[in-house]
Amino acid sequence: MKLLRISHLGIASPTLQEAMERLEKIFGIQAEHIEEIADQKVRTAFYSVGESSLEYLESTDPEGPVGKFLEKKGPGIHHLAFEVDDVDAAVKELLEKGVRMIDKAPRKGAHGNRIAFIHPAETGGVLIEVCQPEKH
Ligand code: CO
């Protein structure tokens with residue numbers, strides 16, 4: 001697997017509105033893209049920052065993964081995402097190495113990415129996503 005760059009940092013926030021107002025006030029930046037990912041029970045707001053992005057996450061269901069994260073840990077950094085050259089090959093390689101995966105196959109994520117999460121127990125407590133932009 002080839003890591004190309006840090007694609008984005010995912011940041012959990014009680015509400016996108018709150019996060020967006022804060023980013024506008026502090027840095028003068030506005031979200032480029034807001035999207036609901038129904039099966040993950042989140043709404044996301046994307047901001048480009050140079051070669052990487054920030055992905056703000058608002059839970060739409062307290063029982064969803066971000067809802068549980070917010071309840072347990074509070075607002076803050078939720079995950080780190082590496083862009084890889086081939087996400088299917090990356091997941092296959094990780095599974096072959098016996099790495100515990102949350103996603104055993106890539107699925108559709110926000111912002112036109114195909115993504116898979118590695119279990120944080122494998123990575124010292126950091127939830128890591130591998131992702132690849134979807135080809136159009
Ligand atoms: Co992400």
# chains A, B, ... in the order shown; residues from 1 in each chain; ligands from 1
>>> residues_near_ligand(ligand="ligand 1", cutoff="9 Å", atoms="only C-alpha atoms and all ligand atoms", output="PyMOL selection string")
chain A and resi 7-11+54-57+78-81+109-111+113+115+117+128-131
>>> write_last_selection(atoms="N, CA and C atoms", output="compact mmCIF listing (two decimals), in the first residue's frame")
# COMPACT_ATOMS: atom_id res chain seq x y z
N SER A 7 -5.16 12.83 3.90
CA SER A 7 -6.32 13.33 3.17
C SER A 7 -7.10 14.35 4.02
N HIS A 8 -7.43 13.93 5.24
CA HIS A 8 -8.17 14.83 6.12
C HIS A 8 -8.09 14.38 7.57
N LEU A 9 -8.47 15.31 8.45
CA LEU A 9 -8.72 15.00 9.85
C LEU A 9 -10.21 15.09 10.05
N GLY A 10 -10.78 14.09 10.69
CA GLY A 10 -12.20 14.12 11.03
C GLY A 10 -12.35 14.65 12.45
N ILE A 11 -13.21 15.63 12.62
CA ILE A 11 -13.38 16.28 13.92
C ILE A 11 -14.86 16.22 14.32
N LEU A 54 -10.27 19.35 6.35
CA LEU A 54 -10.91 19.08 7.64
C LEU A 54 -12.30 18.57 7.34
N GLU A 55 -12.68 17.52 8.03
CA GLU A 55 -14.01 16.94 7.87
C GLU A 55 -14.71 17.06 9.22
N TYR A 56 -15.57 18.05 9.37
CA TYR A 56 -16.33 18.18 10.61
C TYR A 56 -17.50 17.21 10.57
N LEU A 57 -17.75 16.57 11.70
CA LEU A 57 -18.76 15.52 11.78
C LEU A 57 -19.78 15.87 12.86
N HIS A 78 -11.59 12.98 15.75
CA HIS A 78 -12.25 11.67 15.70
C HIS A 78 -11.44 10.67 14.90
N HIS A 79 -10.91 11.09 13.75
CA HIS A 79 -10.08 10.17 12.95
C HIS A 79 -9.10 10.91 12.07
N LEU A 80 -8.12 10.13 11.61
CA LEU A 80 -7.08 10.61 10.70
C LEU A 80 -7.24 9.79 9.43
N ALA A 81 -7.21 10.44 8.28
CA ALA A 81 -7.43 9.70 7.02
C ALA A 81 -6.22 9.83 6.10
N GLY A 109 -17.75 6.80 1.32
CA GLY A 109 -17.67 7.80 2.38
C GLY A 109 -18.11 9.15 1.88
N ALA A 110 -17.80 10.18 2.67
CA ALA A 110 -18.16 11.55 2.27
C ALA A 110 -17.23 12.04 1.18
N HIS A 111 -17.65 13.09 0.50
CA HIS A 111 -16.78 13.83 -0.41
C HIS A 111 -16.26 12.97 -1.56
N ASN A 113 -15.31 9.88 -1.63
CA ASN A 113 -14.22 8.94 -1.32
C ASN A 113 -14.76 7.53 -1.10
N ILE A 115 -13.81 4.48 1.33
CA ILE A 115 -13.08 4.49 2.59
C ILE A 115 -13.17 3.16 3.33
N PHE A 117 -12.14 1.87 7.61
CA PHE A 117 -11.53 2.20 8.89
C PHE A 117 -10.78 1.01 9.47
N ILE A 128 -8.01 5.30 12.30
CA ILE A 128 -7.40 5.65 11.01
C ILE A 128 -8.26 5.14 9.87
N GLU A 129 -8.48 6.03 8.93
CA GLU A 129 -9.23 5.72 7.71
C GLU A 129 -8.24 5.66 6.56
N VAL A 130 -8.40 4.70 5.68
CA VAL A 130 -7.69 4.74 4.39
C VAL A 130 -8.75 5.09 3.35
N CYS A 131 -8.40 5.96 2.42
CA CYS A 131 -9.40 6.40 1.45
C CYS A 131 -8.78 6.64 0.08
>>> residues_around(residues="Gly98 (chain A)", least_positions_apart="5", cutoff="12 Å", atoms="only C-alpha atoms", output="number ranges by chain")
A: 91-93, 104, 118-119, 122
>>> select_by_dssp(residues="region 41-120 of chain A", states="strand (DSSP E)", output="MDAnalysis selection string")
chainID A and resid 42:49 52:59 76:84 107:108 113:118
>>> closest_residue(among="A:Gln40, A:Ser53, A:Ser48, A:Gln132", to="Gly67 (chain A)", atoms="only C-alpha atoms")
A:Gln40
>>> residues_around(residues="Ala31 (chain A)", least_positions_apart="3", cutoff="7 Å", atoms="only C-alpha atoms", output="compact mmCIF listing (two decimals) with N, CA and C atoms, in the first residue's frame")
# COMPACT_ATOMS: atom_id res chain seq x y z
N ALA A 45 -19.10 18.43 7.10
CA ALA A 45 -18.75 19.68 6.41
C ALA A 45 -17.27 19.62 6.08
N PHE A 46 -16.94 19.79 4.81
CA PHE A 46 -15.55 19.71 4.36
C PHE A 46 -14.95 21.09 4.13
N TYR A 47 -13.71 21.24 4.58
CA TYR A 47 -12.92 22.45 4.35
C TYR A 47 -11.59 22.02 3.75
>>> closest_residue(among="A:Lys73, A:Asp85, A:Met20, A:Val66", to="Lys135 (chain A)", atoms="only C-alpha atoms")
A:Asp85
>>> atom_distance(atom1="CA of Pro133 (chain A)", atom2="CA of Pro120 (chain A)")
22.6 Å
>>> atom_distance(atom1="CA of Ala89 (chain A)", atom2="CA of Gly125 (chain A)")
23.8 Å
>>> select_by_dssp(residues="chain A", states="helix (DSSP H, G or I)", output="PyMOL selection string")
chain A and resi 16-27+38-40+65-73+87-96+110-112+120-122
>>> closest_residue(among="A:Ala19, A:Lys41, A:Pro106, A:Leu94", to="Met1 (chain A)", atoms="only C-alpha atoms")
A:Leu94
>>> residues_around(residues="region 68-70 of chain A", least_positions_apart="4", cutoff="10 Å", atoms="only C-alpha atoms", output="PyMOL selection string")
chain A and resi 12-14+58-59+61-64+74-76+78
>>> decode(residues="region 100-121 of chain A", atoms="N, CA, C and O atoms", output="mmCIF file, in the first residue's frame")
data_model
loop_
_atom_site.group_PDB
_atom_site.id
_atom_site.type_symbol
_atom_site.label_atom_id
_atom_site.label_comp_id
_atom_site.auth_asym_id
_atom_site.auth_seq_id
_atom_site.Cartn_x
_atom_site.Cartn_y
_atom_site.Cartn_z
ATOM 1 N N ARG A 100 -6.898 -5.837 12.448
ATOM 2 C CA ARG A 100 -8.334 -5.797 12.713
ATOM 3 C C ARG A 100 -8.939 -4.565 12.037
ATOM 4 O O ARG A 100 -8.494 -3.440 12.259
ATOM 5 N N MET A 101 -9.938 -4.799 11.218
ATOM 6 C CA MET A 101 -10.560 -3.722 10.446
ATOM 7 C C MET A 101 -12.000 -3.514 10.913
ATOM 8 O O MET A 101 -12.709 -4.483 11.188
ATOM 9 N N ILE A 102 -12.427 -2.261 10.962
ATOM 10 C CA ILE A 102 -13.855 -1.984 11.169
ATOM 11 C C ILE A 102 -14.602 -2.322 9.881
ATOM 12 O O ILE A 102 -15.671 -2.914 9.905
ATOM 13 N N ASP A 103 -14.003 -1.940 8.747
ATOM 14 C CA ASP A 103 -14.588 -2.235 7.434
ATOM 15 C C ASP A 103 -13.738 -3.278 6.725
ATOM 16 O O ASP A 103 -12.566 -3.029 6.444
ATOM 17 N N LYS A 104 -14.351 -4.410 6.428
ATOM 18 C CA LYS A 104 -13.592 -5.477 5.757
ATOM 19 C C LYS A 104 -13.576 -5.287 4.250
ATOM 20 O O LYS A 104 -12.912 -6.033 3.527
ATOM 21 N N ALA A 105 -14.332 -4.299 3.779
ATOM 22 C CA ALA A 105 -14.312 -3.914 2.362
ATOM 23 C C ALA A 105 -14.568 -2.410 2.304
ATOM 24 O O ALA A 105 -15.277 -1.874 3.159
ATOM 25 N N PRO A 106 -13.972 -1.729 1.322
ATOM 26 C CA PRO A 106 -14.202 -0.286 1.221
ATOM 27 C C PRO A 106 -15.680 0.020 0.989
ATOM 28 O O PRO A 106 -16.390 -0.747 0.342
ATOM 29 N N ARG A 107 -16.120 1.129 1.537
ATOM 30 C CA ARG A 107 -17.496 1.577 1.318
ATOM 31 C C ARG A 107 -17.467 3.051 0.931
ATOM 32 O O ARG A 107 -16.433 3.702 1.016
ATOM 33 N N LYS A 108 -18.637 3.545 0.559
ATOM 34 C CA LYS A 108 -18.722 4.927 0.117
ATOM 35 C C LYS A 108 -18.675 5.855 1.324
ATOM 36 O O LYS A 108 -19.435 5.694 2.267
ATOM 37 N N GLY A 109 -17.755 6.804 1.316
ATOM 38 C CA GLY A 109 -17.669 7.798 2.384
ATOM 39 C C GLY A 109 -18.107 9.151 1.883
ATOM 40 O O GLY A 109 -18.680 9.272 0.792
ATOM 41 N N ALA A 110 -17.796 10.183 2.668
ATOM 42 C CA ALA A 110 -18.159 11.546 2.274
ATOM 43 C C ALA A 110 -17.230 12.035 1.176
ATOM 44 O O ALA A 110 -16.147 11.472 0.948
ATOM 45 N N HIS A 111 -17.653 13.087 0.497
ATOM 46 C CA HIS A 111 -16.784 13.832 -0.411
ATOM 47 C C HIS A 111 -16.265 12.968 -1.556
ATOM 48 O O HIS A 111 -15.130 13.131 -2.013
ATOM 49 N N GLY A 112 -17.089 12.001 -1.989
ATOM 50 C CA GLY A 112 -16.700 11.179 -3.132
ATOM 51 C C GLY A 112 -15.533 10.246 -2.883
ATOM 52 O O GLY A 112 -14.824 9.868 -3.806
ATOM 53 N N ASN A 113 -15.307 9.877 -1.630
ATOM 54 C CA ASN A 113 -14.222 8.938 -1.324
ATOM 55 C C ASN A 113 -14.755 7.533 -1.096
ATOM 56 O O ASN A 113 -15.877 7.353 -0.634
ATOM 57 N N ARG A 114 -13.947 6.553 -1.417
ATOM 58 C CA ARG A 114 -14.187 5.180 -0.950
ATOM 59 C C ARG A 114 -13.251 4.980 0.228
ATOM 60 O O ARG A 114 -12.069 5.285 0.142
ATOM 61 N N ILE A 115 -13.814 4.477 1.330
ATOM 62 C CA ILE A 115 -13.077 4.492 2.594
ATOM 63 C C ILE A 115 -13.171 3.160 3.326
ATOM 64 O O ILE A 115 -14.081 2.360 3.089
ATOM 65 N N ALA A 116 -12.225 2.950 4.251
ATOM 66 C CA ALA A 116 -12.302 1.827 5.191
ATOM 67 C C ALA A 116 -11.587 2.256 6.462
ATOM 68 O O ALA A 116 -10.546 2.936 6.405
ATOM 69 N N PHE A 117 -12.142 1.869 7.606
ATOM 70 C CA PHE A 117 -11.533 2.202 8.894
ATOM 71 C C PHE A 117 -10.782 1.009 9.474
ATOM 72 O O PHE A 117 -11.270 -0.127 9.444
ATOM 73 N N ILE A 118 -9.596 1.312 9.997
ATOM 74 C CA ILE A 118 -8.819 0.329 10.758
ATOM 75 C C ILE A 118 -9.279 0.437 12.208
ATOM 76 O O ILE A 118 -9.529 1.550 12.697
ATOM 77 N N HIS A 119 -9.388 -0.671 12.903
ATOM 78 C CA HIS A 119 -9.838 -0.622 14.297
ATOM 79 C C HIS A 119 -8.806 0.131 15.153
ATOM 80 O O HIS A 119 -7.610 -0.140 15.053
ATOM 81 N N PRO A 120 -9.273 1.067 16.004
ATOM 82 C CA PRO A 120 -8.311 1.866 16.792
ATOM 83 C C PRO A 120 -7.471 1.042 17.758
ATOM 84 O O PRO A 120 -6.398 1.480 18.173
ATOM 85 N N ALA A 121 -7.923 -0.167 18.089
ATOM 86 C CA ALA A 121 -7.118 -1.026 18.961
ATOM 87 C C ALA A 121 -5.794 -1.398 18.290
ATOM 88 O O ALA A 121 -4.820 -1.756 18.956
#
